[in-house]
$ cat final_24.pdb   # PDB, C-alpha atoms
ATOM      1  CA  MET A 466     -54.885 167.137 -15.173
ATOM      2  CA  SER A 467     -55.147 168.897 -11.810
ATOM      3  CA  ASN A 468     -53.141 167.760  -8.792
ATOM      4  CA  THR A 469     -56.363 166.693  -7.086
ATOM      5  CA  TRP A 470     -57.260 164.374  -9.941
ATOM      6  CA  ILE A 471     -53.722 162.975 -10.060
ATOM      7  CA  THR A 472     -54.116 162.094  -6.375
ATOM      8  CA  VAL A 473     -57.517 160.486  -6.950
ATOM      9  CA  LEU A 474     -56.124 158.553  -9.930
ATOM     10  CA  GLY A 475     -53.128 157.271  -7.971
ATOM     11  CA  ILE A 476     -55.112 156.147  -4.932
ATOM     12  CA  SER A 477     -57.803 154.542  -7.098
ATOM     13  CA  PHE A 478     -55.276 152.766  -9.307
ATOM     14  CA  ILE A 479     -53.841 150.631  -6.502
ATOM     15  CA  PHE A 480     -57.307 149.253  -5.698
ATOM     16  CA  VAL A 481     -58.362 148.806  -9.321
ATOM     17  CA  MET A 482     -55.268 146.714 -10.075
ATOM     18  CA  THR A 483     -55.938 144.397  -7.125
ATOM     19  CA  THR A 484     -59.507 143.991  -8.369
ATOM     20  CA  LEU A 485     -58.345 143.180 -11.906
ATOM     21  CA  GLY A 486     -55.917 140.644 -10.486
ATOM     22  CA  ALA A 487     -58.696 139.005  -8.489
ATOM     23  CA  ALA A 488     -60.779 138.758 -11.673
ATOM     24  CA  VAL A 489     -58.257 136.223 -12.982
ATOM     25  CA  VAL A 490     -60.226 133.632 -10.987
ATOM     26  CA  TYR A 491     -62.871 133.712 -13.741
ATOM     27  CA  PHE A 492     -60.350 132.673 -16.396
ATOM     28  CA  PHE A 493     -58.127 130.079 -14.695
ATOM     29  CA  LYS A 494     -59.148 126.796 -13.117
ATOM     30  CA  ASN A 495     -56.047 126.041 -11.056
ATOM     31  CA  ASP A 496     -53.911 127.834  -8.510
ATOM     32  CA  ILE A 497     -50.836 129.755  -9.640
ATOM     33  CA  PRO A 498     -47.964 127.367 -10.532
ATOM     34  CA  ARG A 499     -45.210 127.440  -7.936
ATOM     35  CA  LYS A 500     -42.592 128.747 -10.350
ATOM     36  CA  VAL A 501     -44.870 131.553 -11.492
ATOM     37  CA  ASN A 502     -45.718 132.362  -7.877
ATOM     38  CA  THR A 503     -41.997 132.597  -7.101
ATOM     39  CA  MET A 504     -41.529 135.122  -9.892
ATOM     40  CA  PHE A 505     -44.592 137.114  -8.786
ATOM     41  CA  LEU A 506     -43.413 137.294  -5.177
ATOM     42  CA  GLY A 507     -39.894 138.194  -6.237
ATOM     43  CA  PHE A 508     -41.265 140.886  -8.532
ATOM     44  CA  ALA A 509     -43.389 142.350  -5.720
ATOM     45  CA  SER A 510     -40.354 142.296  -3.423
ATOM     46  CA  GLY A 511     -38.255 144.205  -5.951
ATOM     47  CA  ILE A 512     -40.988 146.808  -6.442
ATOM     48  CA  MET A 513     -41.353 147.364  -2.699
ATOM     49  CA  ILE A 514     -37.608 147.539  -2.019
ATOM     50  CA  ALA A 515     -37.050 150.097  -4.777
ATOM     51  CA  ALA A 516     -40.123 152.107  -3.754
ATOM     52  CA  SER A 517     -38.913 152.163  -0.152
ATOM     53  CA  ILE A 518     -35.574 153.638  -1.223
ATOM     54  CA  TRP A 519     -36.435 156.135  -3.952
ATOM     55  CA  SER A 520     -39.982 157.136  -3.110
ATOM     56  CA  LEU A 521     -39.815 157.067   0.694
ATOM     57  CA  LEU A 522     -36.397 156.994   2.379
ATOM     58  CA  LEU A 523     -34.620 159.496   0.129
ATOM     59  CA  PRO A 524     -37.535 162.004   0.294
ATOM     60  CA  ALA A 525     -37.611 161.438   4.075
ATOM     61  CA  LEU A 526     -33.954 162.445   4.284
ATOM     62  CA  ASP A 527     -34.678 165.574   2.233
ATOM     63  CA  ALA A 528     -37.656 166.434   4.451
ATOM     64  CA  SER A 529     -35.536 166.144   7.606
ATOM     65  CA  ALA A 530     -32.931 168.681   6.456
ATOM     66  CA  ASN A 531     -33.844 170.983   9.357
ATOM     67  CA  TYR A 532     -32.376 168.397  11.735
ATOM     68  CA  GLY A 533     -28.925 169.305  10.416
ATOM     69  CA  LYS A 534     -26.305 166.613  10.900
ATOM     70  CA  LEU A 535     -28.938 164.513  12.654
ATOM     71  CA  ASN A 536     -31.156 164.392   9.562
ATOM     72  CA  TRP A 537     -30.795 160.610   9.628
ATOM     73  CA  LEU A 538     -32.393 160.374  13.078
ATOM     74  CA  PRO A 539     -36.128 160.672  12.205
ATOM     75  CA  VAL A 540     -35.561 158.455   9.175
ATOM     76  CA  VAL A 541     -33.938 155.643  11.152
ATOM     77  CA  ILE A 542     -36.451 155.875  14.006
ATOM     78  CA  GLY A 543     -39.433 156.076  11.645
ATOM     79  CA  PHE A 544     -38.066 153.120   9.697
ATOM     80  CA  GLY A 545     -37.834 151.041  12.876
ATOM     81  CA  ILE A 546     -41.313 152.042  14.046
ATOM     82  CA  GLY A 547     -42.691 150.844  10.702
ATOM     83  CA  GLY A 548     -41.329 147.369  11.410
ATOM     84  CA  LEU A 549     -42.676 147.462  14.963
ATOM     85  CA  PHE A 550     -46.105 148.429  13.626
ATOM     86  CA  LEU A 551     -46.227 145.307  11.426
ATOM     87  CA  THR A 552     -45.015 143.214  14.355
ATOM     88  CA  PHE A 553     -47.872 144.616  16.436
ATOM     89  CA  LEU A 554     -50.426 143.753  13.742
ATOM     90  CA  ASP A 555     -49.011 140.235  13.533
ATOM     91  CA  LYS A 556     -49.608 139.856  17.269
ATOM     92  CA  VAL A 557     -53.143 141.259  17.484
ATOM     93  CA  VAL A 558     -54.755 140.097  14.218
ATOM     94  CA  PRO A 559     -55.384 136.357  13.766
ATOM     95  CA  HIS A 560     -54.027 135.299  10.375
ATOM     96  CA  ARG A 561     -52.412 132.416   8.552
ATOM     97  CA  HIS A 562     -49.277 132.194   6.432
ATOM     98  CA  LYS A 563     -50.123 130.110   3.386
ATOM     99  CA  SER A 564     -46.640 128.846   2.554
ATOM    100  CA  ALA A 565     -45.888 127.519   6.043
ATOM    101  CA  ASN A 566     -49.503 126.784   7.051
ATOM    102  CA  VAL A 567     -48.780 128.482  10.362
ATOM    103  CA  ASP A 568     -51.285 130.545  12.333
ATOM    104  CA  GLU A 569     -50.190 133.786  13.975
ATOM    105  CA  GLY A 570     -51.860 136.225  16.314
ATOM    106  CA  PRO A 571     -54.377 135.429  19.042
ATOM    107  CA  LYS A 572     -56.265 132.152  18.970
ATOM    108  CA  SER A 573     -59.451 132.446  16.959
ATOM    109  CA  ALA A 574     -62.350 130.348  15.675
ATOM    110  CA  LEU A 575     -61.975 131.934  12.224
ATOM    111  CA  ASN A 576     -61.677 129.483   9.345
ATOM    112  CA  ASN A 577     -58.447 129.137   7.377
ATOM    113  CA  HIS A 578     -59.493 131.118   4.313
ATOM    114  CA  THR A 579     -60.521 134.079   6.469
ATOM    115  CA  LYS A 580     -57.136 133.948   8.196
ATOM    116  CA  LEU A 581     -55.383 133.869   4.823
ATOM    117  CA  PHE A 582     -57.418 136.886   3.746
ATOM    118  CA  LEU A 583     -56.446 138.779   6.911
ATOM    119  CA  ALA A 584     -52.764 137.963   6.337
ATOM    120  CA  VAL A 585     -52.856 139.626   2.924
ATOM    121  CA  MET A 586     -54.895 142.549   4.218
ATOM    122  CA  ILE A 587     -52.314 143.236   6.945
ATOM    123  CA  HIS A 588     -49.565 143.427   4.364
ATOM    124  CA  ASN A 589     -51.552 145.749   2.110
ATOM    125  CA  ILE A 590     -51.773 148.405   4.819
ATOM    126  CA  PRO A 591     -48.179 149.696   4.455
ATOM    127  CA  GLU A 592     -48.554 149.857   0.676
ATOM    128  CA  GLY A 593     -51.621 152.076   1.002
ATOM    129  CA  LEU A 594     -49.927 154.221   3.631
ATOM    130  CA  ALA A 595     -46.875 154.636   1.408
ATOM    131  CA  VAL A 596     -48.982 155.969  -1.462
ATOM    132  CA  GLY A 597     -50.961 158.245   0.860
ATOM    133  CA  PHE A 598     -47.832 159.634   2.521
ATOM    134  CA  ALA A 599     -46.274 160.297  -0.896
ATOM    135  CA  PHE A 600     -49.283 162.266  -2.120
ATOM    136  CA  GLY A 601     -49.546 164.062   1.227
ATOM    137  CA  ALA A 602     -45.907 165.096   0.966
ATOM    138  CA  ALA A 603     -46.597 166.313  -2.567
ATOM    139  CA  ALA A 604     -49.499 168.395  -1.286
ATOM    140  CA  LEU A 605     -47.124 170.148   1.127
ATOM    141  CA  VAL A 606     -44.756 170.982  -1.729
ATOM    142  CA  GLY A 607     -47.662 172.020  -3.941
ATOM    143  CA  GLN A 608     -45.836 171.476  -7.226
ATOM    144  CA  ASN A 609     -47.196 169.366 -10.065
ATOM    145  CA  ALA A 610     -43.864 167.542 -10.393
ATOM    146  CA  ALA A 611     -44.200 166.266  -6.819
ATOM    147  CA  PHE A 612     -47.646 164.834  -7.584
ATOM    148  CA  ILE A 613     -46.333 163.178 -10.754
ATOM    149  CA  SER A 614     -43.556 161.592  -8.688
ATOM    150  CA  ALA A 615     -46.121 160.256  -6.190
ATOM    151  CA  LEU A 616     -48.134 158.916  -9.124
ATOM    152  CA  GLY A 617     -45.059 156.940 -10.197
ATOM    153  CA  LEU A 618     -45.030 155.251  -6.787
ATOM    154  CA  ALA A 619     -48.756 154.476  -7.071
ATOM    155  CA  LEU A 620     -48.224 152.951 -10.515
ATOM    156  CA  GLY A 621     -45.455 150.711  -9.186
ATOM    157  CA  ILE A 622     -47.518 149.551  -6.208
ATOM    158  CA  GLY A 623     -50.523 149.043  -8.489
ATOM    159  CA  ILE A 624     -48.565 146.922 -10.974
ATOM    160  CA  GLN A 625     -47.476 144.511  -8.249
ATOM    161  CA  ASN A 626     -51.034 144.476  -6.875
ATOM    162  CA  PHE A 627     -52.281 142.678  -9.994
ATOM    163  CA  PRO A 628     -50.523 139.358  -9.286
ATOM    164  CA  GLU A 629     -51.242 139.890  -5.599
ATOM    165  CA  GLY A 630     -54.997 140.012  -6.279
ATOM    166  CA  ALA A 631     -54.725 136.813  -8.309
ATOM    167  CA  ALA A 632     -52.664 135.168  -5.574
ATOM    168  CA  VAL A 633     -55.531 135.775  -3.130
ATOM    169  CA  ALA A 634     -58.497 134.890  -5.343
ATOM    170  CA  LEU A 635     -57.193 131.671  -6.921
ATOM    171  CA  PRO A 636     -56.386 129.815  -3.675
ATOM    172  CA  MET A 637     -59.626 131.081  -2.143
ATOM    173  CA  ARG A 638     -61.586 129.054  -4.680
ATOM    174  CA  ASN A 639     -60.286 125.870  -3.023
ATOM    175  CA  TYR A 640     -61.975 126.988   0.206
ATOM    176  CA  THR A 641     -65.123 128.758  -0.990
ATOM    177  CA  LYS A 642     -65.891 126.566  -4.048
ATOM    178  CA  SER A 643     -67.217 129.737  -5.678
ATOM    179  CA  ARG A 644     -65.585 132.015  -8.256
ATOM    180  CA  ASN A 645     -67.741 134.968  -7.165
ATOM    181  CA  LYS A 646     -66.830 134.617  -3.496
ATOM    182  CA  SER A 647     -63.165 134.136  -4.367
ATOM    183  CA  PHE A 648     -63.224 137.282  -6.488
ATOM    184  CA  LEU A 649     -64.827 139.261  -3.673
ATOM    185  CA  PHE A 650     -62.190 138.039  -1.208
ATOM    186  CA  GLY A 651     -59.432 139.079  -3.607
ATOM    187  CA  MET A 652     -61.002 142.477  -4.224
ATOM    188  CA  ALA A 653     -61.651 143.063  -0.514
ATOM    189  CA  SER A 654     -58.030 142.280   0.342
ATOM    190  CA  GLY A 655     -57.058 145.392  -1.603
ATOM    191  CA  ALA A 656     -59.853 147.605  -0.254
ATOM    192  CA  VAL A 657     -57.727 148.437   2.782
ATOM    193  CA  GLU A 658     -55.143 150.145   0.560
ATOM    194  CA  PRO A 659     -57.161 153.210  -0.553
ATOM    195  CA  VAL A 660     -58.475 153.581   3.009
ATOM    196  CA  ALA A 661     -54.915 153.540   4.372
ATOM    197  CA  ALA A 662     -53.847 155.877   1.558
ATOM    198  CA  VAL A 663     -56.489 158.481   2.437
ATOM    199  CA  ILE A 664     -55.505 158.326   6.112
ATOM    200  CA  GLY A 665     -51.826 158.618   5.179
ATOM    201  CA  TYR A 666     -52.522 161.543   2.872
ATOM    202  CA  PHE A 667     -54.150 163.658   5.562
ATOM    203  CA  PHE A 668     -51.463 162.869   8.124
ATOM    204  CA  ALA A 669     -48.640 163.826   5.764
ATOM    205  CA  ALA A 670     -50.408 166.808   4.192
ATOM    206  CA  TYR A 671     -51.575 168.509   7.375
ATOM    207  CA  ILE A 672     -48.907 167.604   9.935
ATOM    208  CA  ALA A 673     -45.774 168.795   8.150
ATOM    209  CA  VAL A 674     -43.425 168.122  11.050
ATOM    210  CA  LEU A 675     -44.210 164.390  10.820
ATOM    211  CA  GLN A 676     -43.433 164.069   7.108
ATOM    212  CA  PRO A 677     -39.941 162.476   7.337
ATOM    213  CA  TRP A 678     -41.091 160.181  10.129
ATOM    214  CA  LEU A 679     -44.144 159.037   8.160
ATOM    215  CA  LEU A 680     -42.271 158.393   4.916
ATOM    216  CA  ALA A 681     -39.633 156.369   6.757
ATOM    217  CA  PHE A 682     -42.377 154.558   8.694
ATOM    218  CA  ALA A 683     -43.976 153.371   5.441
ATOM    219  CA  ALA A 684     -40.597 152.251   4.115
ATOM    220  CA  GLY A 685     -39.874 150.267   7.274
ATOM    221  CA  ALA A 686     -43.272 148.594   7.156
ATOM    222  CA  MET A 687     -42.832 147.573   3.517
ATOM    223  CA  ILE A 688     -39.302 146.245   4.015
ATOM    224  CA  PHE A 689     -40.591 144.255   7.005
ATOM    225  CA  VAL A 690     -43.253 142.648   4.777
ATOM    226  CA  VAL A 691     -40.631 141.795   2.159
ATOM    227  CA  ALA A 692     -38.252 140.274   4.711
ATOM    228  CA  GLU A 693     -40.840 138.428   6.806
ATOM    229  CA  ASP A 694     -43.204 137.128   4.138
ATOM    230  CA  LEU A 695     -42.573 137.824   0.464
ATOM    231  CA  ILE A 696     -39.013 136.512   0.265
ATOM    232  CA  PRO A 697     -39.675 133.420   2.464
ATOM    233  CA  ASP A 698     -42.934 132.673   0.613
ATOM    234  CA  SER A 699     -41.200 132.901  -2.770
ATOM    235  CA  LYS A 700     -39.467 129.551  -2.136
ATOM    236  CA  LEU A 701     -36.069 130.836  -3.211
ATOM    237  CA  ASP A 702     -34.566 127.613  -1.895
ATOM    238  CA  GLU A 703     -36.428 125.724  -4.648
ATOM    239  CA  PHE A 704     -36.243 128.253  -7.480
ATOM    240  CA  PRO A 705     -33.399 130.622  -6.538
ATOM    241  CA  ARG A 706     -32.791 132.077  -9.993
ATOM    242  CA  LEU A 707     -36.458 132.655 -10.781
ATOM    243  CA  GLY A 708     -36.996 134.446  -7.498
ATOM    244  CA  ALA A 709     -33.797 136.446  -7.797
ATOM    245  CA  TRP A 710     -34.618 137.580 -11.323
ATOM    246  CA  GLY A 711     -38.130 138.427 -10.171
ATOM    247  CA  VAL A 712     -36.624 140.738  -7.541
ATOM    248  CA  MET A 713     -34.265 142.251 -10.109
ATOM    249  CA  PHE A 714     -37.064 142.845 -12.602
ATOM    250  CA  GLY A 715     -39.390 144.382 -10.011
ATOM    251  CA  PHE A 716     -36.604 146.631  -8.734
ATOM    252  CA  ALA A 717     -35.799 147.740 -12.283
ATOM    253  CA  VAL A 718     -39.456 148.494 -13.095
ATOM    254  CA  MET A 719     -39.852 150.659  -9.990
ATOM    255  CA  MET A 720     -36.517 152.365 -10.658
ATOM    256  CA  ILE A 721     -37.611 153.213 -14.200
ATOM    257  CA  LEU A 722     -40.941 154.565 -12.956
ATOM    258  CA  GLU A 723     -39.185 156.694 -10.342
ATOM    259  CA  ILE A 724     -36.761 158.134 -12.887
ATOM    260  CA  ALA A 725     -39.475 158.695 -15.503
ATOM    261  CA  PHE A 726     -41.958 160.299 -13.109
ATOM    262  CA  GLY A 727     -39.524 161.788 -10.604
TER     263      GLY A 727
END
$ encode --input "final_24.pdb" --output "structure tokens"
Amino acid sequence: MSNTWITVLGISFIFVMTTLGAAVVYFFKNDIPRKVNTMFLGFASGIMIAASIWSLLLPALDASANYGKLNWLPVVIGFGIGGLFLTFLDKVVPHRHKSANVDEGPKSALNNHTKLFLAVMIHNIPEGLAVGFAFGAAALVGQNAAFISALGLALGIGIQNFPEGAAVALPMRNYTKSRNKSFLFGMASGAVEPVAAVIGYFFAAYIAVLQPWLLAFAAGAMIFVVAEDLIPDSKLDEFPRLGAWGVMFGFAVMMILEIAFG
């Protein structure tokens, strides 16, 4: 398979898995049980933490070797900017956190299910950027092994997108009273990822000097999502062991993918 097709496969996979997850709404009547949701959120957290380390921060350090002893500088700054970017989106996009039933962003006349949809969409942006930056960095290297490594990241993000798609579509049915509309909301929440991935790809592939900054930026944005939303929403105070083992399992899955594909 050519490097171009590996890139297309990786970027498509993250959206396809969200869509498949959203399709769960046609097979289940009720929302996800709280214990299962805790495991899903913990699993997603573990995937994103491991991906941030192996697929983004470590390659960012390698890409900043020309900074000499200050090779940590673009990585740390890019990491911080990633968190600031998510903070900015939280301030300018009206959305609603499901677990706390709290609205964030500017006041808006949008209904609650639209705000919930926007909350998930915001948090899908860094995942898409991470995949795009990884494939863009691979394009700079030009070696098949680099594209296979980026594909490993896309597989990890895609795997955790399946329960994420279900977690959007199932609650949406309580608002829309329609399986079809709920499915479309779940699918649309993931549509931002391939768009962000394509944008990230061209930035990383054609502006080589920004590569370490961009990789670290994506890592910072994903860690911010984990710390601000996924871990708090997982209700670790109620099911600490389930959530903790979810994190461990997700971390292990991403670590295996990185080793196998990297």
$ resolve_selection --input "final_24.pdb" --expression "the PyMOL selection byres ((chain A and resi 682-695) around 8)" --output "ChimeraX atom specification"
/A:506-507,509-510,513-514,516-518,521-522,540,543-551,588,591-592,594-595,598,678-681,696-699
$ resolve_selection --input "final_24.pdb" --expression "the PyMOL selection byres ((chain A and resi 659) around 8)" --output "ChimeraX atom specification"
/A:476-477,479-480,593,655-658,660-663
$ atom_distance --input "final_24.pdb" --atom1 "CA of Lys534 in chain A" --atom2 "CA of Phe668 in chain A"
25.6 Å
$ closest_residue --input "final_24.pdb" --among "A:Leu535, A:Val596, A:Leu581, A:Leu474" --to "Val633 in chain A" --atoms "only C-alpha atoms"
A:Leu581
$ resolve_selection --input "final_24.pdb" --expression "the PyMOL selection byres ((chain A and resi 485-496) around 10)" --output "PyMOL selection string"
chain A and resi 480-484+497-499+502+624-639+643-645+647-655
$ write_last_selection --input "final_24.pdb" --atoms "C-alpha atoms" --output "PDB file, keeping the file's coordinate frame"
ATOM      1  CA  PHE A 480     -57.307 149.253  -5.698  1.00  0.00           C
ATOM      2  CA  VAL A 481     -58.362 148.806  -9.321  1.00  0.00           C
ATOM      3  CA  MET A 482     -55.268 146.714 -10.075  1.00  0.00           C
ATOM      4  CA  THR A 483     -55.938 144.397  -7.125  1.00  0.00           C
ATOM      5  CA  THR A 484     -59.507 143.991  -8.369  1.00  0.00           C
ATOM      6  CA  ILE A 497     -50.836 129.755  -9.640  1.00  0.00           C
ATOM      7  CA  PRO A 498     -47.964 127.367 -10.532  1.00  0.00           C
ATOM      8  CA  ARG A 499     -45.210 127.440  -7.936  1.00  0.00           C
ATOM      9  CA  ASN A 502     -45.718 132.362  -7.877  1.00  0.00           C
ATOM     10  CA  ILE A 624     -48.565 146.922 -10.974  1.00  0.00           C
ATOM     11  CA  GLN A 625     -47.476 144.511  -8.249  1.00  0.00           C
ATOM     12  CA  ASN A 626     -51.034 144.476  -6.875  1.00  0.00           C
ATOM     13  CA  PHE A 627     -52.281 142.678  -9.994  1.00  0.00           C
ATOM     14  CA  PRO A 628     -50.523 139.358  -9.286  1.00  0.00           C
ATOM     15  CA  GLU A 629     -51.242 139.890  -5.599  1.00  0.00           C
ATOM     16  CA  GLY A 630     -54.997 140.012  -6.279  1.00  0.00           C
ATOM     17  CA  ALA A 631     -54.725 136.813  -8.309  1.00  0.00           C
ATOM     18  CA  ALA A 632     -52.664 135.168  -5.574  1.00  0.00           C
ATOM     19  CA  VAL A 633     -55.531 135.775  -3.130  1.00  0.00           C
ATOM     20  CA  ALA A 634     -58.497 134.890  -5.343  1.00  0.00           C
ATOM     21  CA  LEU A 635     -57.193 131.671  -6.921  1.00  0.00           C
ATOM     22  CA  PRO A 636     -56.386 129.815  -3.675  1.00  0.00           C
ATOM     23  CA  MET A 637     -59.626 131.081  -2.143  1.00  0.00           C
ATOM     24  CA  ARG A 638     -61.586 129.054  -4.680  1.00  0.00           C
ATOM     25  CA  ASN A 639     -60.286 125.870  -3.023  1.00  0.00           C
ATOM     26  CA  SER A 643     -67.217 129.737  -5.678  1.00  0.00           C
ATOM     27  CA  ARG A 644     -65.585 132.015  -8.256  1.00  0.00           C
ATOM     28  CA  ASN A 645     -67.741 134.968  -7.165  1.00  0.00           C
ATOM     29  CA  SER A 647     -63.165 134.136  -4.367  1.00  0.00           C
ATOM     30  CA  PHE A 648     -63.224 137.282  -6.488  1.00  0.00           C
ATOM     31  CA  LEU A 649     -64.827 139.261  -3.673  1.00  0.00           C
ATOM     32  CA  PHE A 650     -62.190 138.039  -1.208  1.00  0.00           C
ATOM     33  CA  GLY A 651     -59.432 139.079  -3.607  1.00  0.00           C
ATOM     34  CA  MET A 652     -61.002 142.477  -4.224  1.00  0.00           C
ATOM     35  CA  ALA A 653     -61.651 143.063  -0.514  1.00  0.00           C
ATOM     36  CA  SER A 654     -58.030 142.280   0.342  1.00  0.00           C
ATOM     37  CA  GLY A 655     -57.058 145.392  -1.603  1.00  0.00           C
TER      38      GLY A 655
END
$ residues_around --input "final_24.pdb" --residues "Ala604 in chain A" --least-positions-apart "2" --cutoff "9 Å" --atoms "all atoms listed in the file" --output "list in words"
Asn468, Ala599, Phe600, Gly601, Ala602, Val606, Gly607, Gln608, Ala611, Phe612, Tyr666, Ala669, Ala670 and Tyr671 of chain A
$ write_last_selection --input "final_24.pdb" --atoms "C-alpha atoms" --output "mmCIF file, in the coordinates of the input"
data_model
loop_
_atom_site.group_PDB
_atom_site.id
_atom_site.type_symbol
_atom_site.label_atom_id
_atom_site.label_comp_id
_atom_site.auth_asym_id
_atom_site.auth_seq_id
_atom_site.Cartn_x
_atom_site.Cartn_y
_atom_site.Cartn_z
ATOM 1 C CA ASN A 468 -53.141 167.760 -8.792
ATOM 2 C CA ALA A 599 -46.274 160.297 -0.896
ATOM 3 C CA PHE A 600 -49.283 162.266 -2.120
ATOM 4 C CA GLY A 601 -49.546 164.062 1.227
ATOM 5 C CA ALA A 602 -45.907 165.096 0.966
ATOM 6 C CA VAL A 606 -44.756 170.982 -1.729
ATOM 7 C CA GLY A 607 -47.662 172.020 -3.941
ATOM 8 C CA GLN A 608 -45.836 171.476 -7.226
ATOM 9 C CA ALA A 611 -44.200 166.266 -6.819
ATOM 10 C CA PHE A 612 -47.646 164.834 -7.584
ATOM 11 C CA TYR A 666 -52.522 161.543 2.872
ATOM 12 C CA ALA A 669 -48.640 163.826 5.764
ATOM 13 C CA ALA A 670 -50.408 166.808 4.192
ATOM 14 C CA TYR A 671 -51.575 168.509 7.375
#
$ atom_distance --input "final_24.pdb" --atom1 "CA of Gly715 in chain A" --atom2 "CA of Ser520 in chain A"
14.5 Å
$ residues_around --input "final_24.pdb" --residues "His560 in chain A" --least-positions-apart "5" --cutoff "8 Å" --atoms "only C-alpha atoms" --output "PyMOL selection string"
chain A and resi 555+568-570+579-584
$ atom_distance --input "final_24.pdb" --atom1 "CA of Ala725 in chain A" --atom2 "CA of Gly475 in chain A"
15.7 Å
$ closest_residue --input "final_24.pdb" --among "A:Ile542, A:Met466, A:Ile721, A:Val501" --to "Leu707 in chain A" --atoms "only C-alpha atoms"
A:Val501
$ closest_residue --input "final_24.pdb" --among "A:Trp470, A:Thr503, A:Ala610, A:Pro524" --to "Arg706 in chain A" --atoms "all atoms listed in the file"
A:Thr503
$ axis_aligned_box --input "final_24.pdb" --around "range 584-589 of chain A" --padding-each-side "5 Å" --output "lines of an AutoDock Vina configuration file"
center_x = -52.2
center_y = 141.9
center_z = 4.5
size_x = 15.3
size_y = 17.8
size_z = 14.8
$ closest_residue --input "final_24.pdb" --among "A:Ile471, A:Val541, A:Ala525, A:Ile664" --to "Ala615 in chain A" --atoms "only C-alpha atoms"
A:Ile471
$ closest_residue --input "final_24.pdb" --among "A:Val585, A:Leu538, A:Ala673, A:Leu554" --to "Ala603 in chain A" --atoms "only C-alpha atoms"
A:Ala673
$ closest_residue --input "final_24.pdb" --among "A:Ile622, A:Val712, A:Met720, A:Ile613" --to "Thr469 in chain A" --atoms "all atoms listed in the file"
A:Ile613
